[in-house]
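Structure file run-v1.cif; described as mmCIF, C-alpha atoms.
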data_final
#
loop_
_atom_site.label_atom_id
_atom_site.label_comp_id
_atom_site.auth_asym_id
_atom_site.auth_seq_id
_atom_site.Cartn_x
_atom_site.Cartn_y
_atom_site.Cartn_z
CA GLY A 1 36.91 -44.22 31.35
CA GLN A 2 38.72 -47.52 31.15
CA GLN A 3 42.38 -47.02 30.28
CA LEU A 4 44.74 -49.35 28.49
CA ASN A 5 48.42 -49.25 29.38
CA GLN A 6 50.60 -50.59 26.60
CA SER A 7 54.30 -51.29 26.96
CA PRO A 8 56.93 -50.84 25.89
CA GLN A 9 56.44 -47.56 24.06
CA SER A 10 59.16 -48.42 21.57
CA MET A 11 61.53 -51.26 20.75
CA PHE A 12 64.68 -51.43 18.67
CA ILE A 13 65.62 -54.99 17.82
CA GLN A 14 67.83 -56.95 15.47
CA GLU A 15 66.30 -58.93 12.63
CA GLY A 16 65.65 -62.48 13.79
CA GLU A 17 64.97 -61.59 17.41
CA ASP A 18 61.70 -62.31 19.16
CA VAL A 19 59.50 -59.44 20.38
CA SER A 20 57.02 -59.23 23.20
CA MET A 21 54.64 -56.42 24.09
CA ASN A 22 51.70 -56.24 26.44
CA CYS A 23 48.63 -54.32 27.42
CA THR A 24 47.02 -54.00 30.84
CA SER A 25 43.75 -52.54 31.98
CA SER A 26 42.45 -51.28 35.29
CA SER A 27 39.13 -52.94 34.49
CA ILE A 28 37.95 -56.19 33.00
CA PHE A 29 37.81 -56.47 29.22
CA ASN A 30 35.91 -59.12 27.31
CA THR A 31 37.54 -58.61 23.93
CA TRP A 32 41.18 -57.94 23.10
CA LEU A 33 42.40 -57.01 19.64
CA TRP A 34 45.89 -56.41 18.28
CA TYR A 35 46.49 -54.11 15.31
CA LYS A 36 49.50 -53.03 13.28
CA GLN A 37 49.80 -49.63 11.64
CA ASP A 38 52.23 -48.93 8.82
CA PRO A 39 53.28 -45.33 8.12
CA GLY A 40 50.57 -43.36 6.32
CA GLU A 41 47.97 -46.09 6.65
CA GLY A 42 45.19 -47.15 8.94
CA PRO A 43 45.60 -49.94 11.49
CA VAL A 44 45.18 -53.49 10.25
CA LEU A 45 43.77 -56.20 12.48
CA LEU A 46 46.30 -58.92 13.37
CA ILE A 47 44.63 -61.05 16.03
CA ALA A 48 41.31 -61.01 17.90
CA LEU A 49 40.78 -62.68 21.29
CA TYR A 50 37.39 -63.33 22.84
CA LYS A 51 37.87 -65.67 25.81
CA ALA A 52 39.99 -65.44 28.95
CA GLY A 53 43.03 -67.67 28.59
CA GLU A 54 42.68 -67.86 24.81
CA LEU A 55 45.97 -68.21 22.94
CA THR A 56 45.82 -67.47 19.21
CA SER A 57 48.49 -67.50 16.51
CA ASN A 58 48.69 -65.83 13.13
CA GLY A 59 51.89 -66.90 11.42
CA ARG A 60 54.81 -65.63 13.50
CA LEU A 61 52.44 -63.72 15.77
CA THR A 62 50.95 -65.12 18.95
CA ALA A 63 48.61 -63.31 21.31
CA GLN A 64 46.99 -64.30 24.58
CA PHE A 65 43.97 -63.06 26.50
CA GLY A 66 45.02 -62.97 30.16
CA ILE A 67 43.06 -65.12 32.58
CA THR A 68 42.35 -62.11 34.81
CA ARG A 69 40.75 -60.45 31.73
CA LYS A 70 42.80 -57.35 32.51
CA ASP A 71 45.75 -57.99 30.23
CA SER A 72 46.92 -59.32 26.89
CA PHE A 73 50.28 -59.84 25.24
CA LEU A 74 51.52 -60.09 21.67
CA ASN A 75 54.65 -61.99 20.68
CA ILE A 76 56.40 -61.81 17.33
CA SER A 77 58.92 -64.53 16.63
CA ALA A 78 61.94 -64.28 14.33
CA SER A 79 61.32 -60.64 13.42
CA ILE A 80 61.85 -59.41 9.87
CA PRO A 81 62.23 -55.86 8.51
CA SER A 82 58.59 -55.68 7.38
CA ASP A 83 57.50 -56.09 11.01
CA VAL A 84 58.40 -52.42 11.46
CA GLY A 85 55.42 -50.32 12.47
CA ILE A 86 53.25 -49.35 15.40
CA TYR A 87 51.37 -52.10 17.20
CA PHE A 88 48.18 -51.25 19.08
CA CYS A 89 46.17 -53.24 21.54
CA ALA A 90 42.45 -52.52 21.77
CA GLY A 91 39.75 -53.73 24.06
CA ARG A 92 36.06 -53.67 24.75
CA GLY A 93 35.10 -53.44 28.38
CA VAL A 94 32.19 -54.60 30.49
CA GLY A 95 30.29 -53.45 33.51
CA LEU A 96 29.33 -49.88 34.19
CA TYR A 97 30.52 -48.50 30.87
CA ASN A 98 28.88 -48.73 27.50
CA ASN A 99 29.81 -52.14 26.17
CA ASN A 100 30.08 -51.06 22.59
CA ASP A 101 32.92 -48.58 22.71
CA MET A 102 36.51 -49.54 22.06
CA ARG A 103 39.64 -48.38 23.87
CA PHE A 104 43.12 -48.42 22.41
CA GLY A 105 46.57 -48.50 23.95
CA ALA A 106 49.05 -45.76 23.03
CA GLY A 107 50.99 -48.13 20.78
CA THR A 108 54.39 -49.83 20.63
CA ARG A 109 56.69 -48.53 17.92
CA LEU A 110 58.83 -51.38 16.60
CA THR A 111 62.06 -50.86 14.69
CA VAL A 112 63.86 -53.86 13.21
CA LYS A 113 67.48 -53.48 12.19
CA PRO A 114 68.60 -55.73 9.32
CA GLU B 1 37.26 -55.06 -3.49
CA ALA B 2 36.34 -54.45 0.15
CA GLN B 3 37.04 -50.82 0.95
CA VAL B 4 36.69 -48.10 3.53
CA THR B 5 37.02 -44.72 1.86
CA GLN B 6 37.64 -41.39 3.56
CA ASN B 7 37.55 -37.95 1.99
CA PRO B 8 39.39 -35.71 2.04
CA ARG B 9 42.70 -37.36 2.91
CA TYR B 10 44.27 -34.03 3.84
CA LEU B 11 42.60 -30.80 4.92
CA ILE B 12 43.91 -27.48 6.22
CA THR B 13 41.22 -25.14 7.47
CA VAL B 14 40.68 -22.21 9.79
CA THR B 15 39.05 -22.00 13.19
CA GLY B 16 35.27 -21.90 13.05
CA LYS B 17 34.78 -22.99 9.46
CA LYS B 18 32.42 -25.94 9.38
CA LEU B 19 33.74 -29.08 7.72
CA THR B 20 32.66 -32.64 7.01
CA VAL B 21 34.87 -35.68 6.60
CA THR B 22 33.11 -38.45 4.75
CA CYS B 23 33.45 -42.19 5.32
CA SER B 24 32.01 -44.82 3.05
CA GLN B 25 32.20 -48.62 3.11
CA ASN B 26 31.15 -51.29 0.65
CA MET B 27 31.22 -54.28 3.02
CA ASN B 28 27.62 -53.96 4.25
CA HIS B 29 28.89 -53.55 7.81
CA GLU B 30 26.47 -52.44 10.49
CA TYR B 31 29.10 -50.99 12.80
CA MET B 32 30.98 -47.80 11.90
CA SER B 33 33.18 -45.64 14.07
CA TRP B 34 35.39 -42.56 14.08
CA TYR B 35 38.72 -42.26 15.88
CA ARG B 36 41.32 -39.59 16.25
CA GLN B 37 44.99 -40.43 16.58
CA ASP B 38 47.37 -38.14 18.43
CA PRO B 39 51.04 -38.75 19.30
CA GLY B 40 51.43 -40.60 22.57
CA LEU B 41 47.69 -41.08 22.97
CA GLY B 42 46.99 -43.82 20.47
CA LEU B 43 43.53 -44.01 18.98
CA ARG B 44 40.59 -42.48 20.81
CA GLN B 45 37.04 -43.19 19.78
CA ILE B 46 34.89 -40.16 18.94
CA TYR B 47 31.53 -41.63 17.93
CA TYR B 48 30.26 -44.94 16.74
CA SER B 49 27.15 -46.31 15.12
CA MET B 50 25.67 -49.76 15.56
CA ASN B 51 23.31 -49.35 12.59
CA VAL B 52 21.35 -46.82 10.56
CA GLU B 53 20.01 -44.00 12.73
CA VAL B 54 21.80 -45.41 15.81
CA THR B 55 24.78 -43.43 17.05
CA ASP B 56 26.56 -43.21 20.40
CA LYS B 57 29.33 -41.17 21.95
CA GLY B 58 32.77 -42.66 22.30
CA ASP B 59 35.58 -41.47 24.50
CA VAL B 60 36.06 -37.95 23.08
CA PRO B 61 32.83 -36.74 21.39
CA GLU B 62 33.04 -33.05 22.31
CA GLY B 63 33.15 -30.78 19.27
CA TYR B 64 32.01 -33.47 16.84
CA LYS B 65 28.76 -34.62 15.31
CA VAL B 66 27.92 -37.67 13.23
CA SER B 67 24.97 -39.00 11.31
CA ARG B 68 24.06 -42.42 9.95
CA LYS B 69 21.28 -42.00 7.42
CA GLU B 70 22.54 -44.81 5.20
CA LYS B 71 24.31 -48.02 6.10
CA ARG B 72 27.34 -47.34 3.94
CA ASN B 73 28.06 -43.73 5.01
CA PHE B 74 29.08 -42.24 8.33
CA PRO B 75 30.19 -38.61 8.00
CA LEU B 76 32.05 -36.77 10.76
CA ILE B 77 31.02 -33.15 11.16
CA LEU B 78 32.98 -30.41 12.87
CA GLU B 79 30.56 -27.49 13.24
CA SER B 80 33.17 -25.05 14.54
CA PRO B 81 36.65 -26.56 14.33
CA SER B 82 39.30 -25.46 16.78
CA PRO B 83 43.09 -25.96 16.73
CA ASN B 84 42.87 -28.74 19.34
CA GLN B 85 41.00 -30.78 16.75
CA THR B 86 44.11 -30.91 14.59
CA SER B 87 44.69 -34.62 14.35
CA LEU B 88 44.71 -37.73 12.19
CA TYR B 89 41.20 -39.14 11.86
CA PHE B 90 40.28 -42.72 11.04
CA CYS B 91 36.97 -44.23 10.12
CA ALA B 92 36.49 -47.91 10.92
CA THR B 93 33.77 -50.42 10.11
CA GLY B 94 32.90 -53.89 11.23
CA PRO B 95 30.17 -56.53 11.33
CA ALA B 96 27.74 -56.39 14.24
CA GLY B 97 24.76 -58.25 15.55
CA GLN B 98 24.51 -61.27 17.80
CA GLY B 99 27.99 -62.36 18.77
CA LEU B 100 29.63 -59.06 17.96
CA SER B 101 33.13 -59.65 16.65
CA TYR B 102 34.51 -56.11 16.96
CA GLU B 103 36.96 -56.85 14.18
CA GLN B 104 37.19 -53.39 12.74
CA TYR B 105 38.57 -52.41 9.35
CA PHE B 106 40.12 -48.99 9.12
CA GLY B 107 40.12 -46.39 6.37
CA PRO B 108 43.31 -44.70 5.15
CA GLY B 109 42.99 -41.69 7.45
CA THR B 110 42.32 -37.96 7.10
CA ARG B 111 44.94 -35.55 8.33
CA LEU B 112 43.23 -32.37 9.53
CA THR B 113 44.99 -29.16 10.46
CA VAL B 114 43.01 -26.31 12.03
CA THR B 115 44.81 -22.98 12.18
#
Would you mind writing the file's structure down as structure tokens?
Amino acid sequence: GQQLNQSPQSMFIQEGEDVSMNCTSSSIFNTWLWYKQDPGEGPVLLIALYKAGELTSNGRLTAQFGITRKDSFLNISASIPSDVGIYFCAGRGVGLYNNNDMRFGAGTRLTVKP
Amino acid sequence: EAQVTQNPRYLITVTGKKLTVTCSQNMNHEYMSWYRQDPGLGLRQIYYSMNVEVTDKGDVPEGYKVSRKEKRNFPLILESPSPNQTSLYFCATGPAGQGLSYEQYFGPGTRLTVT
């Protein structure tokens, strides 16, 4: 099936630094979603992207849907300790595969040092 | 309050003993889905349902069954659990229909251990 490659796997940063993570696919996706998971909880939706080239912000978070439709990135500006968690990208593909199933990246584990 | 509820939250069982994990939502969402989360693999979709009596296989359906007899409930059934089904399971729901948004809302998770 369609695979999502998410990088980096983990990040250790200082409070106040900016963070960038990305997701790439071997196939075209027509929806990209970014989630955050806190320990012991389910993922929470941060940003949803529906059009190639779309750039969307949610507070200190900004995400973009790549124009090739095979990638997306998430930026976090001026990180704070509560940004700690695992960030997942997710996508819905097109073409030969069932259009209604979702694929997730393996996650980026973010640690923010005060 | 909008909620996705899973039960049980924790379960330890033995190989071959049938079990059901329930998922219930009060948001009137058409779309419901089950995922398993394993270290290094992220979330993998097991089954999903676009509406009542409509279910489809996700990425890893083997060893699982689902049913969608009511809009609010989407139970996950393991007829004969095996140790490789030890995992953290999440139910998710979302609105569907024309212009599908795919903005899913996740339950709190069920940690299953099969010995």
Could I get the residues of chain B with an atom no further than 7 Å from an atom of chain A, each paired with its nearest atom pair and that distance in Å to one decimal, using only C-alpha atoms, sorted by chain and residue number, as CSV?
residue,atom,partner,partner_atom,distance
B:Gly40,CA,A:Ala106,CA,5.7
B:Leu41,CA,A:Ala106,CA,4.9
B:Gly42,CA,A:Ala106,CA,3.8
B:Leu43,CA,A:Phe104,CA,5.6
B:Arg44,CA,A:Phe104,CA,6.7
B:Gln45,CA,A:Met102,CA,6.8
B:Gly58,CA,A:Asp101,CA,5.9
B:Phe90,CA,A:Gly42,CA,6.9
B:Tyr105,CA,A:Val44,CA,6.8
B:Phe106,CA,A:Gly42,CA,5.4
B:Gly107,CA,A:Gly42,CA,5.7
B:Pro108,CA,A:Gly42,CA,4.9
B:Gly109,CA,A:Gly42,CA,6.1
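Those residues that approach Pro8 in chain B to within 10 Å, counting only C-alpha atoms, are Thr5, Leu11, Thr20, Val21, Thr22, Cys23, Gly109, Thr110, Arg111 and Leu112 of chain B; same-chain residues fewer than 3 positions away are not listed.
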For the PyMOL selection byres ((chain A and resi 110) around 12), applied here, can you spell out every residue it catches as a PyMOL selection string? chain A and resi 7-15+17-21+36-39+76+79-88+107-109+111-113
Please produce an output containing C-alpha atoms for each residue in the selection, written as a compact mmCIF listing (two decimals), in the frame of the given file.
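To be explicit, this is the file written out as again36.txt:
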# COMPACT_ATOMS: atom_id res chain seq x y z
CA SER A 7 54.30 -51.29 26.96
CA PRO A 8 56.93 -50.84 25.89
CA GLN A 9 56.44 -47.56 24.06
CA SER A 10 59.16 -48.42 21.57
CA MET A 11 61.53 -51.26 20.75
CA PHE A 12 64.68 -51.43 18.67
CA ILE A 13 65.62 -54.99 17.82
CA GLN A 14 67.83 -56.95 15.47
CA GLU A 15 66.30 -58.93 12.63
CA GLU A 17 64.97 -61.59 17.41
CA ASP A 18 61.70 -62.31 19.16
CA VAL A 19 59.50 -59.44 20.38
CA SER A 20 57.02 -59.23 23.20
CA MET A 21 54.64 -56.42 24.09
CA LYS A 36 49.50 -53.03 13.28
CA GLN A 37 49.80 -49.63 11.64
CA ASP A 38 52.23 -48.93 8.82
CA PRO A 39 53.28 -45.33 8.12
CA ILE A 76 56.40 -61.81 17.33
CA SER A 79 61.32 -60.64 13.42
CA ILE A 80 61.85 -59.41 9.87
CA PRO A 81 62.23 -55.86 8.51
CA SER A 82 58.59 -55.68 7.38
CA ASP A 83 57.50 -56.09 11.01
CA VAL A 84 58.40 -52.42 11.46
CA GLY A 85 55.42 -50.32 12.47
CA ILE A 86 53.25 -49.35 15.40
CA TYR A 87 51.37 -52.10 17.20
CA PHE A 88 48.18 -51.25 19.08
CA GLY A 107 50.99 -48.13 20.78
CA THR A 108 54.39 -49.83 20.63
CA ARG A 109 56.69 -48.53 17.92
CA THR A 111 62.06 -50.86 14.69
CA VAL A 112 63.86 -53.86 13.21
CA LYS A 113 67.48 -53.48 12.19
CA of Gly94 in chain B to CA of Ser25 in chain A: how many Å, to one decimal?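 Straight-line distance from CA of Gly94 in chain B to CA of Ser25 in chain A works out to 23.5 Å.
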B:Glu1, B:Asp56, B:Asp38, B:Glu30: which is nearest Tyr89 in chain B, counting all atoms listed in the file? B:Asp38
When distances are computed from all atoms listed in the file, which of A:Gln64, A:Ser77, A:Ser72, A:Asn30 shows the smallest separation from Gly16 in chain A?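 Among the listed residues, the smallest separation from Gly16 in chain A belongs to A:Ser77.
Residues selected in this file by the PyMOL selection byres ((chain B and resi 27) around 10) comprise Glu1, Ala2, Gln3, Val4, Ser24, Gln25, Asn26, Asn28, His29, Glu30, Lys71, Arg72, Thr93, Gly94, Pro95 and Tyr105 of chain B.
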Store the residues of this selection in a file with C-alpha atoms, as a PDB file, in the frame of the given file.
ATOM      1  CA  GLU B   1      37.260 -55.060  -3.490  1.00  0.00           C
ATOM      2  CA  ALA B   2      36.340 -54.450   0.150  1.00  0.00           C
ATOM      3  CA  GLN B   3      37.040 -50.820   0.950  1.00  0.00           C
ATOM      4  CA  VAL B   4      36.690 -48.100   3.530  1.00  0.00           C
ATOM      5  CA  SER B  24      32.010 -44.820   3.050  1.00  0.00           C
ATOM      6  CA  GLN B  25      32.200 -48.620   3.110  1.00  0.00           C
ATOM      7  CA  ASN B  26      31.150 -51.290   0.650  1.00  0.00           C
ATOM      8  CA  ASN B  28      27.620 -53.960   4.250  1.00  0.00           C
ATOM      9  CA  HIS B  29      28.890 -53.550   7.810  1.00  0.00           C
ATOM     10  CA  GLU B  30      26.470 -52.440  10.490  1.00  0.00           C
ATOM     11  CA  LYS B  71      24.310 -48.020   6.100  1.00  0.00           C
ATOM     12  CA  ARG B  72      27.340 -47.340   3.940  1.00  0.00           C
ATOM     13  CA  THR B  93      33.770 -50.420  10.110  1.00  0.00           C
ATOM     14  CA  GLY B  94      32.900 -53.890  11.230  1.00  0.00           C
ATOM     15  CA  PRO B  95      30.170 -56.530  11.330  1.00  0.00           C
ATOM     16  CA  TYR B 105      38.570 -52.410   9.350  1.00  0.00           C
TER      17      TYR B 105
END
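In this structure, CA of Leu76 in chain B sits 20.9 Å away from CA of Pro39 in chain B.
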Can you work out the spacing between CA of Pro61 in chain B and CA of Pro83 in chain B in Å, to one decimal?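 Interatomic distance here is 15.6 Å.
Residues lying within 9 Å of Ser82 in chain B, counting only C-alpha atoms and ignoring same-chain neighbours fewer than 4 positions away, are Val14, Thr15, Gly16, Lys17, Gly63, Leu78, Thr86, Val114 and Thr115 of chain B.
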Please write as a PDB file with C-alpha atoms, in the frame of the given file the list of polymer residues whose atoms come within 12 Å of (49.8, -64.1, 31.0), counting all atoms listed in the file and keeping to the coordinates of the file.
ATOM      1  CA  SER A  20      57.020 -59.230  23.200  1.00  0.00           C
ATOM      2  CA  MET A  21      54.640 -56.420  24.090  1.00  0.00           C
ATOM      3  CA  ASN A  22      51.700 -56.240  26.440  1.00  0.00           C
ATOM      4  CA  CYS A  23      48.630 -54.320  27.420  1.00  0.00           C
ATOM      5  CA  THR A  24      47.020 -54.000  30.840  1.00  0.00           C
ATOM      6  CA  ALA A  52      39.990 -65.440  28.950  1.00  0.00           C
ATOM      7  CA  GLY A  53      43.030 -67.670  28.590  1.00  0.00           C
ATOM      8  CA  GLU A  54      42.680 -67.860  24.810  1.00  0.00           C
ATOM      9  CA  LEU A  55      45.970 -68.210  22.940  1.00  0.00           C
ATOM     10  CA  ALA A  63      48.610 -63.310  21.310  1.00  0.00           C
ATOM     11  CA  GLN A  64      46.990 -64.300  24.580  1.00  0.00           C
ATOM     12  CA  PHE A  65      43.970 -63.060  26.500  1.00  0.00           C
ATOM     13  CA  GLY A  66      45.020 -62.970  30.160  1.00  0.00           C
ATOM     14  CA  ILE A  67      43.060 -65.120  32.580  1.00  0.00           C
ATOM     15  CA  THR A  68      42.350 -62.110  34.810  1.00  0.00           C
ATOM     16  CA  ARG A  69      40.750 -60.450  31.730  1.00  0.00           C
ATOM     17  CA  LYS A  70      42.800 -57.350  32.510  1.00  0.00           C
ATOM     18  CA  ASP A  71      45.750 -57.990  30.230  1.00  0.00           C
ATOM     19  CA  SER A  72      46.920 -59.320  26.890  1.00  0.00           C
ATOM     20  CA  PHE A  73      50.280 -59.840  25.240  1.00  0.00           C
ATOM     21  CA  LEU A  74      51.520 -60.090  21.670  1.00  0.00           C
ATOM     22  CA  ASN A  75      54.650 -61.990  20.680  1.00  0.00           C
TER      23      ASN A  75
END
Under the PyMOL selection byres ((chain B and resi 66) around 8), which residues of this model are included? Write them out as a list in words.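 That selection, the PyMOL selection byres ((chain B and resi 66) around 8), comes back as Tyr47, Thr55, Tyr64, Lys65, Ser67, Arg68, Phe74, Pro75, Leu76 and Ile77 of chain B.
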Generate the coordinates of all heavy atoms for range 40-51 of chain A; report them as a CSV table (one decimal), keeping the file's coordinate frame.
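File produced: result.csv:
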chain,number,residue,atom,x,y,z
A,40,GLY,N,51.5,-43.9,7.3
A,40,GLY,CA,50.6,-43.4,6.3
A,40,GLY,C,49.3,-44.2,6.1
A,40,GLY,O,48.6,-43.9,5.1
A,41,GLU,N,49.1,-45.2,6.9
A,41,GLU,CA,48.0,-46.1,6.6
A,41,GLU,C,47.2,-46.3,7.9
A,41,GLU,O,47.6,-45.9,9.0
A,41,GLU,CB,48.4,-47.4,6.1
A,41,GLU,CG,49.2,-47.4,4.8
A,41,GLU,CD,49.5,-48.7,4.2
A,41,GLU,OE1,49.0,-49.7,4.7
A,41,GLU,OE2,50.3,-48.8,3.3
A,42,GLY,N,46.0,-46.8,7.8
A,42,GLY,CA,45.2,-47.2,8.9
A,42,GLY,C,45.6,-48.5,9.6
A,42,GLY,O,46.3,-49.3,8.9
A,43,PRO,N,45.3,-48.7,10.8
A,43,PRO,CA,45.6,-49.9,11.5
A,43,PRO,C,45.0,-51.1,10.8
A,43,PRO,O,43.9,-51.0,10.3
A,43,PRO,CB,45.0,-49.8,12.9
A,43,PRO,CG,44.9,-48.3,13.1
A,43,PRO,CD,44.6,-47.7,11.7
A,44,VAL,N,45.7,-52.2,10.8
A,44,VAL,CA,45.2,-53.5,10.2
A,44,VAL,C,45.1,-54.5,11.4
A,44,VAL,O,46.0,-54.7,12.1
A,44,VAL,CB,46.1,-54.0,9.1
A,44,VAL,CG1,45.7,-55.3,8.6
A,44,VAL,CG2,46.1,-53.0,8.0
A,45,LEU,N,44.0,-55.2,11.4
A,45,LEU,CA,43.8,-56.2,12.5
A,45,LEU,C,44.7,-57.4,12.3
A,45,LEU,O,44.8,-58.0,11.2
A,45,LEU,CB,42.3,-56.7,12.5
A,45,LEU,CG,42.0,-57.7,13.5
A,45,LEU,CD1,42.0,-57.1,14.9
A,45,LEU,CD2,40.6,-58.3,13.3
A,46,LEU,N,45.4,-57.8,13.4
A,46,LEU,CA,46.3,-58.9,13.4
A,46,LEU,C,45.6,-60.1,14.0
A,46,LEU,O,45.6,-61.2,13.5
A,46,LEU,CB,47.6,-58.6,14.1
A,46,LEU,CG,48.4,-57.4,13.6
A,46,LEU,CD1,49.6,-57.1,14.5
A,46,LEU,CD2,49.0,-57.8,12.2
A,47,ILE,N,45.2,-59.9,15.2
A,47,ILE,CA,44.6,-61.0,16.0
A,47,ILE,C,43.5,-60.5,16.9
A,47,ILE,O,43.6,-59.4,17.4
A,47,ILE,CB,45.7,-61.7,16.9
A,47,ILE,CG1,46.8,-62.4,16.1
A,47,ILE,CG2,45.1,-62.7,17.9
A,47,ILE,CD1,47.9,-63.0,16.9
A,48,ALA,N,42.4,-61.3,17.0
A,48,ALA,CA,41.3,-61.0,17.9
A,48,ALA,C,41.2,-62.1,18.9
A,48,ALA,O,41.3,-63.3,18.6
A,48,ALA,CB,40.0,-60.9,17.1
A,49,LEU,N,40.9,-61.7,20.2
A,49,LEU,CA,40.8,-62.7,21.3
A,49,LEU,C,39.5,-62.4,22.0
A,49,LEU,O,39.1,-61.3,22.3
A,49,LEU,CB,41.9,-62.5,22.3
A,49,LEU,CG,43.3,-62.6,21.7
A,49,LEU,CD1,44.4,-61.9,22.6
A,49,LEU,CD2,43.7,-64.1,21.5
A,50,TYR,N,38.7,-63.5,22.3
A,50,TYR,CA,37.4,-63.3,22.8
A,50,TYR,C,37.1,-64.0,24.2
A,50,TYR,O,36.1,-63.8,24.8
A,50,TYR,CB,36.3,-63.8,21.8
A,50,TYR,CG,36.4,-63.0,20.5
A,50,TYR,CD1,37.0,-63.6,19.4
A,50,TYR,CD2,35.9,-61.7,20.5
A,50,TYR,CE1,37.0,-62.9,18.2
A,50,TYR,CE2,36.0,-61.0,19.3
A,50,TYR,CZ,36.6,-61.6,18.2
A,50,TYR,OH,36.6,-60.9,17.0
A,51,LYS,N,38.1,-64.9,24.6
A,51,LYS,CA,37.9,-65.7,25.8
A,51,LYS,C,39.1,-65.6,26.7
A,51,LYS,O,40.2,-65.7,26.2
A,51,LYS,CB,37.6,-67.1,25.5
A,51,LYS,CG,36.2,-67.3,24.9
A,51,LYS,CD,36.1,-68.7,24.2
A,51,LYS,CE,36.2,-69.8,25.2
A,51,LYS,NZ,35.9,-71.2,24.6
